[in-house]
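One file, query06.cif, carrying mmCIF, C-alpha atoms and all ligand atoms:
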data_my_file
loop_
_atom_site.label_atom_id
_atom_site.label_comp_id
_atom_site.auth_asym_id
_atom_site.auth_seq_id
_atom_site.Cartn_x
_atom_site.Cartn_y
_atom_site.Cartn_z
CA MET A 206 98.96 76.65 93.76
CA ALA A 207 99.07 76.15 97.51
CA LYS A 208 95.90 76.73 99.50
CA ILE A 209 96.76 78.67 102.63
CA PHE A 210 94.81 78.26 105.86
CA CYS A 211 95.11 79.91 109.25
CA VAL A 212 94.19 77.94 112.32
CA ALA A 213 92.92 80.69 114.58
CA ASN A 214 90.89 81.37 117.69
CA GLN A 215 91.78 84.19 120.04
CA LYS A 216 91.36 81.90 123.04
CA GLY A 217 94.34 79.94 124.33
CA GLY A 218 94.21 76.23 124.99
CA VAL A 219 91.36 75.51 122.55
CA GLY A 220 93.34 73.13 120.35
CA LYS A 221 94.85 75.36 117.65
CA THR A 222 98.32 73.85 117.76
CA THR A 223 97.02 70.29 118.07
CA THR A 224 94.80 70.91 115.05
CA THR A 225 97.60 72.47 112.99
CA VAL A 226 100.21 69.73 113.49
CA ASN A 227 97.76 66.83 113.21
CA LEU A 228 96.07 68.23 110.13
CA ALA A 229 99.53 68.77 108.61
CA ALA A 230 100.50 65.18 109.39
CA GLY A 231 97.13 63.89 108.16
CA LEU A 232 97.44 65.79 104.88
CA ALA A 233 100.99 64.50 104.41
CA LYS A 234 99.69 60.99 105.02
CA VAL A 235 97.14 61.31 102.22
CA GLY A 236 99.83 62.48 99.80
CA GLN A 237 99.65 66.26 100.05
CA ARG A 238 102.71 68.53 100.06
CA VAL A 239 102.45 70.56 103.25
CA LEU A 240 104.20 73.54 104.83
CA MET A 241 103.39 74.20 108.49
CA VAL A 242 104.07 77.78 109.57
CA ASP A 243 104.36 78.48 113.30
CA LEU A 244 103.28 82.07 114.06
CA ASP A 245 103.22 81.62 117.84
CA PRO A 246 106.35 82.72 119.77
CA GLN A 247 105.71 79.79 122.13
CA GLY A 248 106.90 77.52 119.32
CA ASN A 249 104.68 74.61 120.35
CA ALA A 250 103.81 73.64 116.78
CA THR A 251 107.54 73.68 115.94
CA MET A 252 108.48 71.40 118.84
CA GLY A 253 105.38 69.26 118.20
CA SER A 254 106.63 68.66 114.65
CA GLY A 255 110.00 67.31 115.78
CA VAL A 256 111.97 70.54 115.22
CA ASP A 257 113.93 71.94 118.17
CA LYS A 258 113.00 75.62 118.42
CA ARG A 259 116.27 76.39 120.28
CA GLN A 260 118.45 74.96 117.50
CA MET A 261 116.96 76.63 114.43
CA ALA A 262 119.37 78.56 112.22
CA LEU A 263 116.51 80.55 110.67
CA SER A 264 112.87 80.96 111.62
CA ILE A 265 109.64 82.75 110.74
CA TYR A 266 111.15 85.78 112.49
CA ASP A 267 113.82 86.10 109.76
CA VAL A 268 111.15 85.68 107.09
CA LEU A 269 108.93 88.43 108.53
CA LEU A 270 111.90 90.79 108.77
CA GLU A 271 112.87 89.82 105.19
CA SER A 272 116.35 88.60 106.06
CA ALA A 273 115.53 85.07 104.80
CA SER A 274 113.15 83.44 102.31
CA VAL A 275 110.67 80.72 103.23
CA ALA A 276 112.70 78.21 101.19
CA GLU A 277 115.81 79.08 103.20
CA ALA A 278 114.16 79.02 106.61
CA ALA A 279 111.84 76.00 106.32
CA VAL A 280 113.11 72.55 107.29
CA PHE A 281 111.66 69.15 106.41
CA SER A 282 110.54 67.02 109.33
CA ASP A 283 111.37 63.46 108.27
CA LYS A 284 109.23 61.89 110.95
CA CYS A 285 106.19 64.03 110.20
CA GLY A 286 106.44 64.25 106.41
CA TYR A 287 105.96 67.99 106.08
CA HIS A 288 108.03 71.18 106.02
CA VAL A 289 108.20 73.37 109.09
CA LEU A 290 108.77 77.11 109.18
CA GLY A 291 109.44 77.31 112.89
CA ALA A 292 109.07 79.91 115.62
CA ASN A 293 110.66 80.64 118.96
CA ARG A 294 110.73 83.46 121.50
CA GLU A 295 112.59 85.71 119.07
CA LEU A 296 109.27 86.08 117.26
CA ALA A 297 107.78 88.04 120.17
CA GLY A 298 110.16 90.86 119.19
CA ALA A 299 108.85 90.95 115.64
CA GLU A 300 105.59 92.37 116.90
CA VAL A 301 107.40 95.54 117.95
CA GLU A 302 109.88 95.63 115.08
CA LEU A 303 107.13 95.35 112.47
CA VAL A 304 105.34 98.45 113.75
CA GLU A 305 107.86 100.67 111.97
CA VAL A 306 108.02 98.93 108.60
CA GLU A 307 106.02 99.24 105.39
CA ARG A 308 103.46 96.62 104.33
CA ARG A 309 103.85 95.22 107.81
CA GLU A 310 100.72 93.08 107.72
CA LYS A 311 101.56 91.64 104.27
CA ARG A 312 105.05 90.30 105.02
CA LEU A 313 103.99 86.67 105.32
CA LYS A 314 101.74 86.86 102.25
CA THR A 315 104.62 88.18 100.14
CA ALA A 316 107.02 85.54 101.44
CA LEU A 317 104.61 82.64 100.87
CA ALA A 318 103.88 83.73 97.30
CA GLU A 319 107.39 82.55 96.37
CA VAL A 320 106.70 78.95 97.43
CA ALA A 321 103.10 78.73 96.19
CA ASP A 322 104.00 76.06 93.64
CA ASP A 323 105.97 73.94 96.09
CA TYR A 324 103.02 72.97 98.30
CA ASP A 325 99.40 71.88 98.14
CA PHE A 326 98.63 73.19 101.62
CA VAL A 327 100.15 75.82 103.89
CA LEU A 328 98.83 75.69 107.46
CA ILE A 329 99.51 78.59 109.81
CA ASP A 330 99.32 78.10 113.59
CA CYS A 331 98.27 81.46 115.06
CA PRO A 332 98.95 82.79 118.56
CA PRO A 333 96.00 83.26 120.96
CA SER A 334 95.52 86.95 120.22
CA LEU A 335 94.44 89.23 117.41
CA SER A 336 97.95 90.71 117.09
CA MET A 337 100.15 91.85 114.18
CA LEU A 338 101.32 88.24 113.89
CA THR A 339 97.79 86.90 113.57
CA LEU A 340 97.02 89.73 111.14
CA ASN A 341 99.94 88.58 108.97
CA GLY A 342 98.45 85.10 109.00
CA LEU A 343 94.97 86.35 108.09
CA CYS A 344 96.32 88.53 105.28
CA ALA A 345 98.22 85.59 103.79
CA ALA A 346 95.38 83.06 103.97
CA HIS A 347 92.55 81.94 101.73
CA GLY A 348 90.62 80.76 104.71
CA VAL A 349 90.42 80.28 108.44
CA ILE A 350 89.91 77.03 110.31
CA VAL A 351 88.50 77.68 113.78
CA PRO A 352 88.95 74.90 116.32
CA MET A 353 86.50 75.16 119.18
CA GLN A 354 85.35 73.30 122.22
CA CYS A 355 81.62 72.89 122.56
CA GLU A 356 81.31 74.83 125.80
CA TYR A 357 78.82 77.32 127.10
CA PHE A 358 80.68 80.46 126.02
CA ALA A 359 81.90 79.05 122.72
CA LEU A 360 79.56 81.06 120.50
CA GLU A 361 80.15 84.26 122.41
CA GLY A 362 83.91 83.87 122.05
CA LEU A 363 83.52 83.58 118.29
CA THR A 364 82.14 87.11 117.87
CA ASP A 365 85.51 88.91 118.13
CA LEU A 366 87.15 86.52 115.72
CA VAL A 367 84.30 86.74 113.21
CA ASN A 368 84.43 90.57 113.37
CA THR A 369 88.19 90.61 112.85
CA ILE A 370 87.87 88.26 109.88
CA LYS A 371 85.18 90.54 108.40
CA GLN A 372 87.42 93.59 108.80
CA VAL A 373 90.43 91.86 107.24
CA HIS A 374 88.20 90.65 104.43
CA ALA A 375 86.91 94.19 103.79
CA ASN A 376 90.20 96.09 104.09
CA LEU A 377 93.17 93.85 103.50
CA ASN A 378 92.33 90.45 102.05
CA PRO A 379 89.20 89.98 99.91
CA ASP A 380 90.04 86.26 99.56
CA LEU A 381 89.59 85.57 103.25
CA ALA A 382 86.70 83.38 104.40
CA ILE A 383 85.91 81.16 107.34
CA ILE A 384 86.37 77.69 105.91
CA GLY A 385 84.90 76.01 108.88
CA LEU A 386 84.46 75.45 112.57
CA LEU A 387 86.10 72.30 113.87
CA ARG A 388 84.64 70.73 116.98
CA VAL A 389 87.58 69.52 119.09
CA MET A 390 88.08 67.76 122.43
CA PHE A 391 84.54 66.52 121.98
CA ASP A 392 82.95 64.25 124.54
CA PRO A 393 79.51 63.01 123.38
CA ARG A 394 78.66 61.83 126.91
CA ILE A 395 78.45 65.44 128.04
CA THR A 396 74.94 66.65 127.25
CA LEU A 397 76.00 70.30 127.16
CA GLN A 398 78.59 69.58 124.47
CA GLN A 399 75.97 67.85 122.38
CA GLN A 400 73.65 70.86 122.80
CA VAL A 401 76.32 73.40 121.87
CA SER A 402 77.27 71.24 118.89
CA ASP A 403 73.63 71.32 117.72
CA GLN A 404 73.54 75.11 118.21
CA LEU A 405 76.68 75.50 116.14
CA LYS A 406 75.16 73.54 113.30
CA ALA A 407 71.94 75.58 113.53
CA HIS A 408 73.85 78.88 113.36
CA PHE A 409 76.68 78.05 110.97
CA ALA A 410 75.22 75.17 108.92
CA ASP A 411 77.77 73.83 106.42
CA LYS A 412 80.50 76.01 107.96
CA VAL A 413 80.72 73.32 110.63
CA PHE A 414 83.05 70.52 109.53
CA ASP A 415 81.53 67.05 109.44
CA THR A 416 84.52 65.58 111.22
CA VAL A 417 84.51 65.81 115.00
CA ILE A 418 87.77 65.47 116.96
CA PRO A 419 87.19 63.50 120.17
CA ARG A 420 88.93 64.19 123.45
CA ASN A 421 91.74 61.63 123.32
CA VAL A 422 94.67 61.36 125.70
CA ARG A 423 97.05 60.15 122.97
CA LEU A 424 96.73 63.53 121.24
CA ALA A 425 97.73 65.24 124.48
CA GLU A 426 100.67 62.87 125.09
CA ALA A 427 102.16 63.16 121.60
CA PRO A 428 103.74 66.65 121.97
CA SER A 429 106.04 65.44 124.74
CA TYR A 430 107.53 63.05 122.14
CA GLY A 431 107.87 65.92 119.66
CA LEU A 432 105.28 64.40 117.34
CA PRO A 433 101.70 64.98 116.20
CA GLY A 434 99.31 62.28 117.49
CA VAL A 435 98.77 61.15 113.89
CA VAL A 436 102.45 60.11 113.76
CA PHE A 437 102.91 59.11 117.41
CA ASP A 438 99.95 56.73 117.54
CA PRO A 439 98.17 56.41 114.19
CA ALA A 440 95.65 53.92 115.59
CA ALA A 441 94.37 56.25 118.32
CA ARG A 442 90.83 57.51 117.87
CA GLY A 443 91.96 61.13 117.87
CA SER A 444 94.58 60.43 115.20
CA GLN A 445 92.08 58.66 112.97
CA ALA A 446 89.73 61.63 113.34
CA PHE A 447 92.47 64.00 112.17
CA VAL A 448 93.21 61.85 109.11
CA ALA A 449 89.46 61.91 108.33
CA PHE A 450 89.57 65.69 108.76
CA ALA A 451 92.50 65.90 106.33
CA GLN A 452 90.42 63.99 103.77
CA GLU A 453 87.48 66.33 104.39
CA MET A 454 89.77 69.33 103.79
CA VAL A 455 91.05 67.87 100.52
CA GLU A 456 87.45 67.42 99.37
CA ARG A 457 86.45 70.93 100.50
CA ILE A 458 89.23 72.70 98.63
CA HIS A 459 88.11 71.09 95.39
CA LYS A 460 84.76 72.81 95.94
CA LEU A 461 86.22 76.25 96.85
P1 LIG B 501 96.15 76.12 121.65
O1 LIG B 501 97.19 76.00 120.59
O2 LIG B 501 94.84 76.65 121.15
O3 LIG B 501 96.64 76.90 122.84
P2 LIG B 501 96.64 73.30 122.16
O4 LIG B 501 96.51 72.63 120.84
O5 LIG B 501 98.01 73.56 122.67
O6 LIG B 501 95.79 74.64 122.19
O7 LIG B 501 95.80 72.41 123.19
C1 LIG B 501 95.68 72.74 124.56
C2 LIG B 501 95.85 71.48 125.39
O8 LIG B 501 94.80 70.56 125.11
C3 LIG B 501 97.14 70.74 125.11
O9 LIG B 501 97.64 70.22 126.30
C4 LIG B 501 96.72 69.63 124.17
O10 LIG B 501 97.57 68.50 124.24
C5 LIG B 501 95.33 69.31 124.66
N1 LIG B 501 94.46 68.80 123.60
C6 LIG B 501 94.18 69.40 122.42
N2 LIG B 501 93.32 68.69 121.69
C7 LIG B 501 93.02 67.58 122.43
C8 LIG B 501 92.15 66.44 122.24
N3 LIG B 501 91.41 66.30 121.14
N4 LIG B 501 92.10 65.53 123.24
C9 LIG B 501 92.82 65.68 124.36
N5 LIG B 501 93.65 66.71 124.61
C10 LIG B 501 93.75 67.66 123.66
MG MG B 502 99.04 76.96 120.41
#
So, in terms of structure tokens, how does the structure I just supplied come out?
Amino acid sequence: MAKIFCVANQKGGVGKTTTTVNLAAGLAKVGQRVLMVDLDPQGNATMGSGVDKRQMALSIYDVLLESASVAEAAVFSDKCGYHVLGANRELAGAEVELVEVERREKRLKTALAEVADDYDFVLIDCPPSLSMLTLNGLCAAHGVIVPMQCEYFALEGLTDLVNTIKQVHANLNPDLAIIGLLRVMFDPRITLQQQVSDQLKAHFADKVFDTVIPRNVRLAEAPSYGLPGVVFDPAARGSQAFVAFAQEMVERIHKL
């Protein structure tokens, strides 16, 4: 049975997409069967997995509106080694179209249930908002991975997300839990980052992943080649950190 994880944080530019595609590639590298679901109309995770968002016959939009199954709409990225259920600007319309339909927040959950045996991991890249799309992700997931930068307002920014997760847990998805906080774009030379990192560990204890993702320019360059850093430059420090994170995730799910 696939374990389903949302990569979420309501802030933009915190590393959600980078985390999703590199974790997907890292998991594929250690032998896991992975489906990456792009829930962001920007389609960055789609493009960053070597799938052209402008050329897709079917996308997550068709799945949410129940005009296609996941198996029909997902494509395999040869270069990356995982399946991609892609998104493009069409998805922005789904937000409005879903308002009128029944079970609107459970569409993704229902669709993913059909492919549960085909994958070990499903990773969902969420948009930077707590919208109907993110809600679909949270309803479908067993857990949430929260990438965060160790900055001054980091803890404060978590409050909204933690409250939303609590509400979804109480009302819609009793399975949902925060799996962990992932420290990303980390620079140990910056004292403040070290301090915030210590605070995170004090507050959240074992909810903070052991792996730390360093700030690494190769991870930022990779998307322009349509690849996750893990595939683009496996030797880069950032890529190695994501493969270590993939191993940590594999170990964690055995304990869940
Ligand atoms: P989000 O999906 O949360 O909006 P992204 O993953 O797109 O965030 O990351 C925002 C920007 O930061 C991108 O330009 C990305 O390449 C860059 N970035 C993300 N993680 C790292 C990292 N560890 N080191 C350097 N740059 C990074
Ligand atoms: Mg993104």
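Shortest separation to Gly348 of chain A among A:Ala299, A:Cys211, A:Val235, A:Ile370 occurs at residue A:Cys211, atoms counted being only C-alpha atoms.
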I'd like a table as a tab-separated table: residues in chain A with an atom no more than 10 Å from ligand MG 502 (chain B), each row giving the shortest atom pair and its distance in Å to one decimal, all atoms listed in the file counted, sorted by chain and rising residue number.
residue	atom	partner	partner_atom	distance
A:Val212	CA	B:MG502	MG	9.5
A:Ala213	CA	B:MG502	MG	9.2
A:Asn214	CA	B:MG502	MG	9.7
A:Lys216	CA	B:MG502	MG	9.5
A:Gly217	CA	B:MG502	MG	6.8
A:Gly218	CA	B:MG502	MG	6.7
A:Val219	CA	B:MG502	MG	8.1
A:Gly220	CA	B:MG502	MG	6.9
A:Lys221	CA	B:MG502	MG	5.3
A:Thr222	CA	B:MG502	MG	4.1
A:Thr223	CA	B:MG502	MG	7.4
A:Thr224	CA	B:MG502	MG	9.1
A:Thr225	CA	B:MG502	MG	8.8
A:Asp243	CA	B:MG502	MG	9.0
A:Leu244	CA	B:MG502	MG	9.2
A:Asp245	CA	B:MG502	MG	6.8
A:Pro246	CA	B:MG502	MG	9.3
A:Gln247	CA	B:MG502	MG	7.4
A:Gly248	CA	B:MG502	MG	8.0
A:Asn249	CA	B:MG502	MG	6.1
A:Ala250	CA	B:MG502	MG	6.9
A:Asp330	CA	B:MG502	MG	6.9
A:Cys331	CA	B:MG502	MG	7.0
A:Pro332	CA	B:MG502	MG	6.1
A:Pro333	CA	B:MG502	MG	7.0
Practice item. Can you work out which one of A:Val373, A:Val417, A:Ala440, A:Leu263 has the shortest atom-to-atom distance to Glu310 of chain A, counting all atoms listed in the file? Key: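 Between A:Val373, A:Val417, A:Ala440, A:Leu263, the residue approaching Glu310 of chain A most closely is A:Val373.
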**Study point:** Atom-to-atom span, atom CA of Ile329 of chain A and atom CA of Val304 of chain A, Å
**Key:**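 Distance reported for this atom pair: 21.1 Å.
Here the residues that fall within 10 Å of (92.3, 62.8, 102.5), using only C-alpha atoms, are given as Gly231, Leu232, Ala233, Lys234, Val235, Gly236, Gln237, Phe447, Val448, Ala449, Phe450, Ala451, Gln452, Glu453, Met454, Val455 and Glu456 of chain A.
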Practice item. Calculate how many Å separate atom CA of Asp438 of chain A from atom CA of Pro393 of chain A, rounding to one decimal. Key: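 Going from atom CA of Asp438 of chain A over to atom CA of Pro393 of chain A, I get 22.2 Å.
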Study note, to complete from the structure: Students should find that atom CA of Thr315 of chain A and atom CA of Gly298 of chain A are spaced 20.0 Å
Point to revise | Shell around Arg457 of chain A at 10 Å using only C-alpha atoms, local window under 6 positions removed, as a list in words | key: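 Contacts, in chain order: Ile384, Gly385, Phe414 and Ala451 of chain A.
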Review point. For ligand LIG 501 (chain B), which residue among A:Phe391, A:Phe409, A:Tyr430, A:Tyr266 is the nearest when counting all atoms listed in the file?
Key: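 Of all the options, A:Phe391 lies closest to ligand LIG 501 (chain B).
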Point to revise | Minimum-distance residue to Gln398 of chain A, chosen among A:Asp267, A:Asp411, A:Glu356, A:Glu305 (using only C-alpha atoms) | key: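 The answer is A:Glu356, which sits nearest to Gln398 of chain A.
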Check your understanding: If I put a ball of radius 12 Å at (105.5, 89.4, 104.1) in the file's coordinates, which residues poke into it when counting all atoms listed in the file, written as a PyMOL selection string?
Key -> chain A and resi 265-275+303+306-319+337-338+340-346
Exercise on ligand LIG 501 (chain B), axis-aligned box with 4 Å per side, report centre and edge lengths in Å to one decimal, as lines of an AutoDock Vina configuration file:
center_x = 94.7
center_y = 71.2
center_z = 123.4
size_x = 14.6
size_y = 19.4
size_z = 13.7
Review point. When distances are computed from only C-alpha atoms, which of A:Asp283, A:Asp392, A:Asp323, A:Asp403 shows the smallest separation from Gly443 of chain A?
Key: A:Asp392
Point to revise | Given only C-alpha atoms and all ligand atoms as the counted atoms, nearest of A:Asn227, A:Lys371, A:Asn378, A:Ser264 to ligand LIG 501 (chain B) | key: A:Asn227
Practice item. Write out as a list in words which residues come within 9 Å of Ser429 of chain A when counting only C-alpha atoms, dropping same-chain ones fewer than 3 positions away. Key: Met252, Gly253, Ala425, Glu426 and Leu432 of chain A
If we count all atoms listed in the file, what is near Leu386 of chain A at a cut-off of 6 Å, once residues fewer than 6 positions away on the same chain are taken out, given as a CSV table (one decimal) with C-alpha atoms, in the frame of the given file?
chain,number,residue,atom,x,y,z
A,351,VAL,CA,88.5,77.7,113.8
A,352,PRO,CA,89.0,74.9,116.3
A,413,VAL,CA,80.7,73.3,110.6
A,414,PHE,CA,83.0,70.5,109.5
